[in-house]
>>> print(open('data_32.txt').read())   # compact mmCIF, C-alpha atoms
# COMPACT_ATOMS: atom_id res chain seq x y z
CA MET Z 24 45.20 -60.29 0.38
CA THR Z 25 42.89 -58.26 -1.83
CA ASP Z 26 41.48 -54.90 -0.84
CA HIS Z 27 38.35 -55.17 1.28
CA ALA Z 28 36.21 -53.27 3.77
CA THR Z 29 34.71 -54.36 7.06
CA PRO Z 30 31.55 -52.74 8.42
CA ASN Z 31 31.85 -51.38 11.96
CA LEU Z 32 28.54 -51.96 13.73
CA PRO Z 33 27.28 -51.23 17.25
CA SER Z 34 26.73 -53.87 19.91
CA ARG Z 35 25.04 -53.25 23.24
CA ASN Z 36 26.46 -56.52 24.56
CA PHE Z 37 29.19 -58.61 22.92
CA GLU Z 38 27.93 -61.90 24.38
CA GLU Z 39 24.45 -61.30 22.93
CA THR Z 40 25.92 -60.25 19.57
CA GLN Z 41 28.02 -63.42 19.46
CA ARG Z 42 24.97 -65.58 20.24
CA PHE Z 43 22.81 -63.81 17.66
CA TYR Z 44 25.27 -63.73 14.75
CA GLY Z 45 26.60 -67.17 15.71
CA SER Z 46 23.09 -68.60 15.30
CA PHE Z 47 23.39 -68.16 11.52
CA GLY Z 48 27.00 -69.07 10.94
CA PHE Z 49 29.29 -66.25 12.08
CA THR Z 50 32.22 -67.17 14.33
CA LYS Z 51 34.20 -64.96 16.67
CA THR Z 52 37.80 -64.32 15.63
CA TYR Z 53 38.61 -61.56 18.13
CA VAL Z 54 37.09 -59.94 21.20
CA ASP Z 55 38.32 -57.60 23.92
CA ASP Z 56 36.60 -55.04 26.15
CA SER Z 57 35.72 -52.70 23.29
CA TRP Z 58 35.90 -54.61 19.99
CA LEU Z 59 34.48 -57.83 18.51
CA ILE Z 60 35.22 -59.35 15.11
CA MET Z 61 33.06 -62.10 13.58
CA VAL Z 62 33.35 -63.86 10.22
CA ARG Z 63 31.21 -66.03 7.96
CA GLY Z 64 33.03 -67.20 4.85
CA GLY Z 65 34.38 -64.05 3.25
CA ILE Z 66 32.19 -61.66 5.27
CA ILE Z 67 33.87 -59.87 8.18
CA LEU Z 68 31.82 -57.80 10.64
CA GLU Z 69 33.46 -55.69 13.33
CA PHE Z 70 31.46 -54.50 16.34
CA PHE Z 71 32.18 -51.69 18.77
CA LEU Z 72 30.65 -51.59 22.24
CA HIS Z 73 27.71 -49.18 22.46
CA PRO Z 74 25.80 -50.13 25.65
CA ASP Z 75 23.53 -47.06 25.56
CA LEU Z 76 22.25 -47.66 22.03
CA ASP Z 77 18.46 -47.61 21.65
CA PRO Z 78 17.60 -50.24 19.00
CA ALA Z 79 14.32 -48.45 18.22
CA THR Z 80 16.14 -45.31 17.10
CA SER Z 81 19.34 -46.81 15.70
CA TRP Z 82 20.37 -45.49 12.28
CA PHE Z 83 23.31 -47.88 11.76
CA SER Z 84 23.35 -49.97 8.58
CA CYS Z 85 25.57 -51.89 6.20
CA CYS Z 86 25.36 -53.86 2.96
CA LEU Z 87 26.54 -57.44 2.55
CA ARG Z 88 27.12 -58.68 -1.00
CA VAL Z 89 26.57 -62.43 -1.30
CA ASP Z 90 26.35 -64.99 -4.10
CA ASP Z 91 23.11 -66.51 -2.78
CA ALA Z 92 20.76 -64.19 -0.88
CA ASP Z 93 18.09 -66.88 -0.55
CA ALA Z 94 20.56 -69.21 1.22
CA MET Z 95 21.54 -66.49 3.69
CA PHE Z 96 17.89 -65.75 4.44
CA ALA Z 97 17.19 -69.46 4.88
CA ASP Z 98 19.89 -69.41 7.58
CA PHE Z 99 18.28 -66.33 9.18
CA LYS Z 100 14.90 -68.08 9.21
CA ALA Z 101 16.42 -71.33 10.57
CA ALA Z 102 17.89 -69.26 13.42
CA GLY Z 103 14.33 -68.21 14.33
CA ILE Z 104 14.35 -64.67 12.94
CA GLY Z 105 10.77 -63.80 12.00
CA GLU Z 106 9.20 -61.46 9.46
CA ASP Z 107 7.21 -59.22 11.85
CA PRO Z 108 8.54 -55.70 11.10
CA HIS Z 109 7.52 -54.56 14.60
CA THR Z 110 9.97 -56.92 16.32
CA ARG Z 111 13.74 -57.02 16.58
CA PRO Z 112 15.34 -58.97 15.09
CA CYS Z 113 13.35 -59.38 11.87
CA VAL Z 114 13.81 -60.02 8.16
CA HIS Z 115 12.30 -58.70 4.97
CA LEU Z 116 12.82 -61.52 2.45
CA PRO Z 117 14.83 -60.93 -0.73
CA GLU Z 118 13.04 -59.62 -3.80
CA THR Z 119 14.30 -58.43 -7.16
CA GLN Z 120 14.39 -54.65 -6.95
CA SER Z 121 13.41 -52.15 -9.65
CA TRP Z 122 17.13 -51.56 -10.25
CA GLY Z 123 17.54 -55.24 -11.16
CA MET Z 124 19.31 -56.83 -8.19
CA LYS Z 125 17.88 -59.13 -5.53
CA MET Z 126 17.96 -57.60 -2.05
CA GLY Z 127 16.56 -58.46 1.37
CA VAL Z 128 16.96 -56.90 4.79
CA MET Z 129 17.73 -58.22 8.25
CA ILE Z 130 17.42 -55.94 11.28
CA ASP Z 131 19.52 -57.27 14.14
CA THR Z 132 18.95 -57.22 17.90
CA ASP Z 133 20.62 -53.81 18.17
CA GLY Z 134 18.46 -52.24 15.46
CA THR Z 135 21.16 -52.31 12.76
CA LEU Z 136 19.73 -52.60 9.25
CA VAL Z 137 21.72 -55.17 7.27
CA ARG Z 138 20.98 -55.12 3.54
CA VAL Z 139 21.84 -58.40 1.83
CA ILE Z 140 22.35 -57.89 -1.90
CA GLU Z 141 22.92 -60.76 -4.30
CA ASN Z 142 26.00 -60.45 -6.52
>>> encode(input="data_32.txt", output="structure tokens")
Amino acid sequence: MTDHATPNLPSRNFEETQRFYGSFGFTKTYVDDSWLIMVRGGIILEFFLHPDLDPATSWFSCCLRVDDADAMFADFKAAGIGEDPHTRPCVHLPETQSWGMKMGVMIDTDGTLVRVIEN
């Protein structure tokens, strides 16, 4: 196995997190009373239970590096995630940034900002 990192993100409710992330291709590989692990291809996300989290004030974030950002955002959109920045969840579609890489953002149901950056 090569070296890797797994983001640890908050979840107010593991069942809701599984439904949400499952809607665009993540599958549960582990869950107990305080920890949830979900995978999609080579991406592993680990969630800790945080029932008192306020999504409107959450400061949690992570970056996912993918080969095809547009394909991931197509899956987000197919799962019904809209572009209204005043709702949660929502997406900001990928654009080439001034620093040269394509990046988009998805904010999940718990207010976590997930940057998706194309390799």
>>> closest_residue(input="data_32.txt", among="Z:Asp91, Z:Asp75, Z:Asp98, Z:Glu69", to="Ser46 in chain Z", atoms="only C-alpha atoms")
Z:Asp98
>>> atom_distance(input="data_32.txt", atom1="CA of Gly123 in chain Z", atom2="CA of Ala92 in chain Z")
14.0 Å
>>> closest_residue(input="data_32.txt", among="Z:Val114, Z:Leu72, Z:Val139, Z:Met126", to="Ala101 in chain Z", atoms="all atoms listed in the file")
Z:Val114
>>> closest_residue(input="data_32.txt", among="Z:Gly48, Z:Pro78, Z:Gly134, Z:Trp122", to="Ala97 in chain Z", atoms="all atoms listed in the file")
Z:Gly48
>>> closest_residue(input="data_32.txt", among="Z:Glu106, Z:Asp77, Z:Asp93, Z:Asp26", to="Lys125 in chain Z", atoms="only C-alpha atoms")
Z:Asp93
>>> closest_residue(input="data_32.txt", among="Z:Met61, Z:Ile66, Z:Val89, Z:Leu116", to="Ala28 in chain Z", atoms="all atoms listed in the file")
Z:Ile66
>>> residues_around(input="data_32.txt", residues="Tyr44 in chain Z", least_positions_apart="6", cutoff="10 Å", atoms="all atoms listed in the file", output="ChimeraX atom specification")
/Z:50-51,61-63,68,99,102,131-132
>>> closest_residue(input="data_32.txt", among="Z:Ile60, Z:Asp133, Z:Cys85, Z:Gln120", to="Asn36 in chain Z", atoms="all atoms listed in the file")
Z:Asp133
>>> residues_near_point(input="data_32.txt", point="(32.1, -57.1, 23.1)", cutoff="8 Å", atoms="all atoms listed in the file", output="JSON, numbers by chain")
{"Z": [34, 36, 37, 38, 40, 54, 55, 56, 57, 58, 59, 70, 71, 72]}
>>> write_last_selection(input="data_32.txt", atoms="C-alpha atoms", output="PDB file, in the frame of the given file")
ATOM      1  CA  SER Z  34      26.730 -53.870  19.910  1.00  0.00           C
ATOM      2  CA  ASN Z  36      26.460 -56.520  24.560  1.00  0.00           C
ATOM      3  CA  PHE Z  37      29.190 -58.610  22.920  1.00  0.00           C
ATOM      4  CA  GLU Z  38      27.930 -61.900  24.380  1.00  0.00           C
ATOM      5  CA  THR Z  40      25.920 -60.250  19.570  1.00  0.00           C
ATOM      6  CA  VAL Z  54      37.090 -59.940  21.200  1.00  0.00           C
ATOM      7  CA  ASP Z  55      38.320 -57.600  23.920  1.00  0.00           C
ATOM      8  CA  ASP Z  56      36.600 -55.040  26.150  1.00  0.00           C
ATOM      9  CA  SER Z  57      35.720 -52.700  23.290  1.00  0.00           C
ATOM     10  CA  TRP Z  58      35.900 -54.610  19.990  1.00  0.00           C
ATOM     11  CA  LEU Z  59      34.480 -57.830  18.510  1.00  0.00           C
ATOM     12  CA  PHE Z  70      31.460 -54.500  16.340  1.00  0.00           C
ATOM     13  CA  PHE Z  71      32.180 -51.690  18.770  1.00  0.00           C
ATOM     14  CA  LEU Z  72      30.650 -51.590  22.240  1.00  0.00           C
TER      15      LEU Z  72
END
>>> axis_aligned_box(input="data_32.txt", around="range 68-86 of chain Z", padding_each_side="5 Å", output="JSON")
{"center_x": 23.9, "center_y": -51.6, "center_z": 14.3, "size_x": 29.1, "size_y": 22.5, "size_z": 32.7}
>>> build_atoms(input="data_32.txt", residues="range 89-110 of chain Z", atoms="N, CA, C and O atoms", output="PDB file, in the coordinates of the input")
ATOM      1  N   VAL Z  89      26.452 -60.969  -1.380  1.00  0.00           N
ATOM      2  CA  VAL Z  89      26.570 -62.430  -1.300  1.00  0.00           C
ATOM      3  C   VAL Z  89      26.204 -63.058  -2.647  1.00  0.00           C
ATOM      4  O   VAL Z  89      25.492 -62.460  -3.448  1.00  0.00           O
ATOM      5  N   ASP Z  90      26.674 -64.284  -2.859  1.00  0.00           N
ATOM      6  CA  ASP Z  90      26.350 -64.990  -4.100  1.00  0.00           C
ATOM      7  C   ASP Z  90      24.950 -65.579  -4.087  1.00  0.00           C
ATOM      8  O   ASP Z  90      24.361 -65.777  -5.135  1.00  0.00           O
ATOM      9  N   ASP Z  91      24.421 -65.872  -2.877  1.00  0.00           N
ATOM     10  CA  ASP Z  91      23.110 -66.510  -2.780  1.00  0.00           C
ATOM     11  C   ASP Z  91      22.324 -65.901  -1.612  1.00  0.00           C
ATOM     12  O   ASP Z  91      22.427 -66.362  -0.476  1.00  0.00           O
ATOM     13  N   ALA Z  92      21.547 -64.866  -1.920  1.00  0.00           N
ATOM     14  CA  ALA Z  92      20.760 -64.190  -0.880  1.00  0.00           C
ATOM     15  C   ALA Z  92      19.737 -65.130  -0.260  1.00  0.00           C
ATOM     16  O   ALA Z  92      19.516 -65.108   0.948  1.00  0.00           O
ATOM     17  N   ASP Z  93      19.099 -65.967  -1.076  1.00  0.00           N
ATOM     18  CA  ASP Z  93      18.090 -66.880  -0.550  1.00  0.00           C
ATOM     19  C   ASP Z  93      18.686 -67.832   0.486  1.00  0.00           C
ATOM     20  O   ASP Z  93      18.052 -68.124   1.501  1.00  0.00           O
ATOM     21  N   ALA Z  94      19.905 -68.305   0.259  1.00  0.00           N
ATOM     22  CA  ALA Z  94      20.560 -69.210   1.220  1.00  0.00           C
ATOM     23  C   ALA Z  94      20.837 -68.480   2.533  1.00  0.00           C
ATOM     24  O   ALA Z  94      20.627 -69.048   3.610  1.00  0.00           O
ATOM     25  N   MET Z  95      21.277 -67.231   2.453  1.00  0.00           N
ATOM     26  CA  MET Z  95      21.540 -66.490   3.690  1.00  0.00           C
ATOM     27  C   MET Z  95      20.239 -66.280   4.461  1.00  0.00           C
ATOM     28  O   MET Z  95      20.199 -66.427   5.682  1.00  0.00           O
ATOM     29  N   PHE Z  96      19.158 -65.960   3.757  1.00  0.00           N
ATOM     30  CA  PHE Z  96      17.890 -65.750   4.440  1.00  0.00           C
ATOM     31  C   PHE Z  96      17.310 -67.062   4.974  1.00  0.00           C
ATOM     32  O   PHE Z  96      16.629 -67.057   6.002  1.00  0.00           O
ATOM     33  N   ALA Z  97      17.591 -68.165   4.331  1.00  0.00           N
ATOM     34  CA  ALA Z  97      17.190 -69.460   4.880  1.00  0.00           C
ATOM     35  C   ALA Z  97      17.895 -69.688   6.219  1.00  0.00           C
ATOM     36  O   ALA Z  97      17.284 -70.207   7.167  1.00  0.00           O
ATOM     37  N   ASP Z  98      19.161 -69.289   6.314  1.00  0.00           N
ATOM     38  CA  ASP Z  98      19.890 -69.410   7.580  1.00  0.00           C
ATOM     39  C   ASP Z  98      19.312 -68.468   8.638  1.00  0.00           C
ATOM     40  O   ASP Z  98      19.198 -68.840   9.812  1.00  0.00           O
ATOM     41  N   PHE Z  99      18.931 -67.242   8.245  1.00  0.00           N
ATOM     42  CA  PHE Z  99      18.280 -66.330   9.180  1.00  0.00           C
ATOM     43  C   PHE Z  99      16.996 -66.957   9.730  1.00  0.00           C
ATOM     44  O   PHE Z  99      16.736 -66.943  10.929  1.00  0.00           O
ATOM     45  N   LYS Z 100      16.178 -67.492   8.817  1.00  0.00           N
ATOM     46  CA  LYS Z 100      14.900 -68.080   9.210  1.00  0.00           C
ATOM     47  C   LYS Z 100      15.122 -69.310  10.102  1.00  0.00           C
ATOM     48  O   LYS Z 100      14.415 -69.501  11.093  1.00  0.00           O
ATOM     49  N   ALA Z 101      16.114 -70.144   9.764  1.00  0.00           N
ATOM     50  CA  ALA Z 101      16.420 -71.330  10.570  1.00  0.00           C
ATOM     51  C   ALA Z 101      16.871 -70.945  11.973  1.00  0.00           C
ATOM     52  O   ALA Z 101      16.677 -71.700  12.925  1.00  0.00           O
ATOM     53  N   ALA Z 102      17.455 -69.748  12.110  1.00  0.00           N
ATOM     54  CA  ALA Z 102      17.890 -69.260  13.420  1.00  0.00           C
ATOM     55  C   ALA Z 102      16.717 -68.671  14.217  1.00  0.00           C
ATOM     56  O   ALA Z 102      16.894 -68.218  15.343  1.00  0.00           O
ATOM     57  N   GLY Z 103      15.518 -68.674  13.614  1.00  0.00           N
ATOM     58  CA  GLY Z 103      14.330 -68.210  14.330  1.00  0.00           C
ATOM     59  C   GLY Z 103      14.003 -66.742  14.135  1.00  0.00           C
ATOM     60  O   GLY Z 103      13.159 -66.198  14.844  1.00  0.00           O
ATOM     61  N   ILE Z 104      14.639 -66.084  13.179  1.00  0.00           N
ATOM     62  CA  ILE Z 104      14.350 -64.670  12.940  1.00  0.00           C
ATOM     63  C   ILE Z 104      13.066 -64.586  12.110  1.00  0.00           C
ATOM     64  O   ILE Z 104      12.981 -65.149  11.020  1.00  0.00           O
ATOM     65  N   GLY Z 105      12.079 -63.887  12.637  1.00  0.00           N
ATOM     66  CA  GLY Z 105      10.770 -63.800  12.000  1.00  0.00           C
ATOM     67  C   GLY Z 105      10.648 -62.617  11.052  1.00  0.00           C
ATOM     68  O   GLY Z 105      11.579 -61.822  10.877  1.00  0.00           O
ATOM     69  N   GLU Z 106       9.456 -62.499  10.452  1.00  0.00           N
ATOM     70  CA  GLU Z 106       9.200 -61.460   9.460  1.00  0.00           C
ATOM     71  C   GLU Z 106       8.353 -60.300   9.994  1.00  0.00           C
ATOM     72  O   GLU Z 106       8.012 -59.399   9.231  1.00  0.00           O
ATOM     73  N   ASP Z 107       8.027 -60.305  11.279  1.00  0.00           N
ATOM     74  CA  ASP Z 107       7.210 -59.220  11.850  1.00  0.00           C
ATOM     75  C   ASP Z 107       8.055 -57.942  11.917  1.00  0.00           C
ATOM     76  O   ASP Z 107       9.020 -57.869  12.685  1.00  0.00           O
ATOM     77  N   PRO Z 108       7.720 -56.909  11.127  1.00  0.00           N
ATOM     78  CA  PRO Z 108       8.540 -55.700  11.100  1.00  0.00           C
ATOM     79  C   PRO Z 108       8.503 -54.896  12.399  1.00  0.00           C
ATOM     80  O   PRO Z 108       9.279 -53.962  12.566  1.00  0.00           O
ATOM     81  N   HIS Z 109       7.634 -55.273  13.325  1.00  0.00           N
ATOM     82  CA  HIS Z 109       7.520 -54.560  14.600  1.00  0.00           C
ATOM     83  C   HIS Z 109       8.372 -55.193  15.689  1.00  0.00           C
ATOM     84  O   HIS Z 109       8.327 -54.747  16.838  1.00  0.00           O
ATOM     85  N   THR Z 110       9.109 -56.250  15.343  1.00  0.00           N
ATOM     86  CA  THR Z 110       9.970 -56.920  16.320  1.00  0.00           C
ATOM     87  C   THR Z 110      11.424 -56.785  15.902  1.00  0.00           C
ATOM     88  O   THR Z 110      11.733 -56.511  14.750  1.00  0.00           O
TER      89      THR Z 110
END
